[in-house]
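Heads up: the structure comes next, in structure tokens.
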Amino acid sequence: MKNAGHDVEVMKYHHQNFNEDFLQENGVPVVYIPKNRGTLDLCRRMADYFRTNRIDVVISFSIGANMKACIARMMYKDFKLVVSERNYNHYFYPTEYFRFIAYGKADKIVSNSHAQNNFIIKKFPSKAPKCQAIVNFVDLVKFQPAQTAPDNEVTHIVTTARVTKRKNVHGYIAAARALVDRGYRFTIDWYGYARKSKYYYRCMDLIEKNGLQDVFHIHAAAKNVAEIYHSADLFCLPSFYEGTSNSICEAIASGLPVACSDVSDSGIYVQPGRNGWLFNPEKPQTIVDTLAEALDAGTE
């Protein structure tokens, strides 16, 4: 936006460094409004800043920032507001009702997945004219097919995602055990735990109890993701729900076939018979059968 000639600033209300070196190197000022005396006071000071500096458009990211921007809009109306939905609501909790009511103060509601955009329109039809999906981009310079295929002794499967319950790691481990029992030889490397949570330790315990220490490995999040994709034969993501998965799009751009859950936006990108396979994460046997089909395809 700056390079296109717009006057752009980034506002933050937490003291943490938010890519500030990069922003300042590129001539984008960072405005810090500390949260000193509660949320309403913060919103008032945000609104005062918008008014004093004659801000034309505010684009907010994350639920907390969206709500604060909506409150600021109630205090000062002379700017356009775009709120950004960054997750997918697979289930509507009553406590979230007020968030979407507050979005009535926004001019646009932009979701980073078609699934979330459709969810909002279904639950709040009156907001449909404001809704739009703009999915996350993929860097096609960074993520592109490898020049040569990996030379792995057995099929190497990778997953890049946070280690959380919604990603269905337990079901993935159970599927790996069932495939080993069928005689398949493969390795799985999962990259993505940010901290060693209780769920992470339960996953590690399941791997040990199923005797998969030489098959299923969980690693910390990695920066060399493009290299990881190039080292693999197959990408798998067994999530119970997703929005538009960055990992799936990156893997496809890297030339990897993908086996993943048929949820949310995944079916837009993964087309069986062309670049991958889809399964039902709620039915463990379909995960096993689909991965078996993928493994068979890789050995033909």
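Within each chain, counting starts at residue 1; across the structure tokens, chains are named A, B, ... in the order shown, with ligands numbered 1 upward in that order.
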Output as a count of residues only all residues of region 21-267 of chain A that backbone DSSP marks as strand (DSSP E or B).
-> 48
Closest contacts (region 42-139 of chain A/region 267-278 of chain A, max 12 Å, only C-alpha atoms) as a Markdown table:
| residue | atom | partner | partner_atom | distance |
| --- | --- | --- | --- | --- |
| A:Ser113 | CA | A:Ile268 | CA | 10.7 |
| A:His114 | CA | A:Ile268 | CA | 9.4 |
| A:Ala115 | CA | A:Ile268 | CA | 10.4 |
| A:Val135 | CA | A:Ile268 | CA | 11.8 |
Which residues, written as a ChimeraX atom specification, have at least one atom at most 9 Å from region 96-103 of chain A, with only C-alpha atoms counted and residues fewer than 6 positions away on the same chain left out?
-> /A:63,66-67,70-71,83,109,120,124,127
Would you save the residues of that selection, restricted to C-alpha atoms, as a compact mmCIF listing (two decimals), in the first residue's frame?
# COMPACT_ATOMS: atom_id res chain seq x y z
CA ILE A 63 -10.94 -10.22 17.08
CA ASN A 66 -11.82 -5.55 15.53
CA MET A 67 -13.90 -4.94 18.64
CA CYS A 70 -15.82 -0.87 16.27
CA ILE A 71 -16.05 0.90 19.64
CA VAL A 83 -12.66 -5.62 10.10
CA ILE A 109 -16.15 -7.62 6.90
CA ILE A 120 -21.14 -15.06 8.59
CA PHE A 124 -26.26 -12.87 9.72
CA LYS A 127 -24.50 -8.38 6.74
Running DSSP on the backbone, which parts of region 231-268 of chain A land in helix (DSSP H, G or I), as a PyMOL selection string?
-> chain A and resi 246-253+266-268
Which residues are close to Ile134 (chain A), i.e. within 9 Å by only C-alpha atoms, leaving aside same-chain residues fewer than 2 positions away? Reply as a tab-separated table (two decimals) with N, CA and C atoms, in the first residue's frame.
chain	number	residue	atom	x	y	z
A	110	VAL	N	-14.10	-8.61	6.10
A	110	VAL	CA	-13.28	-9.40	5.18
A	110	VAL	C	-12.77	-10.64	5.90
A	111	SER	N	-13.09	-11.81	5.37
A	111	SER	CA	-12.62	-13.08	5.92
A	111	SER	C	-11.49	-13.63	5.08
A	112	ASN	N	-10.56	-14.33	5.74
A	112	ASN	CA	-9.46	-14.90	4.97
A	112	ASN	C	-9.75	-16.34	4.54
A	113	SER	N	-11.04	-16.70	4.53
A	113	SER	CA	-11.45	-17.99	3.97
A	113	SER	C	-12.88	-17.87	3.47
A	114	HIS	N	-13.20	-18.63	2.44
A	114	HIS	CA	-14.57	-18.65	1.93
A	114	HIS	C	-15.50	-19.28	2.96
A	132	GLN	N	-16.91	-10.12	2.38
A	132	GLN	CA	-16.06	-10.48	1.25
A	132	GLN	C	-14.95	-11.41	1.75
A	136	ASN	N	-5.58	-15.78	2.15
A	136	ASN	CA	-4.16	-15.48	2.31
A	136	ASN	C	-3.40	-15.78	1.02
A	137	PHE	N	-2.38	-14.99	0.75
A	137	PHE	CA	-1.59	-15.22	-0.46
A	137	PHE	C	-0.52	-16.27	-0.20
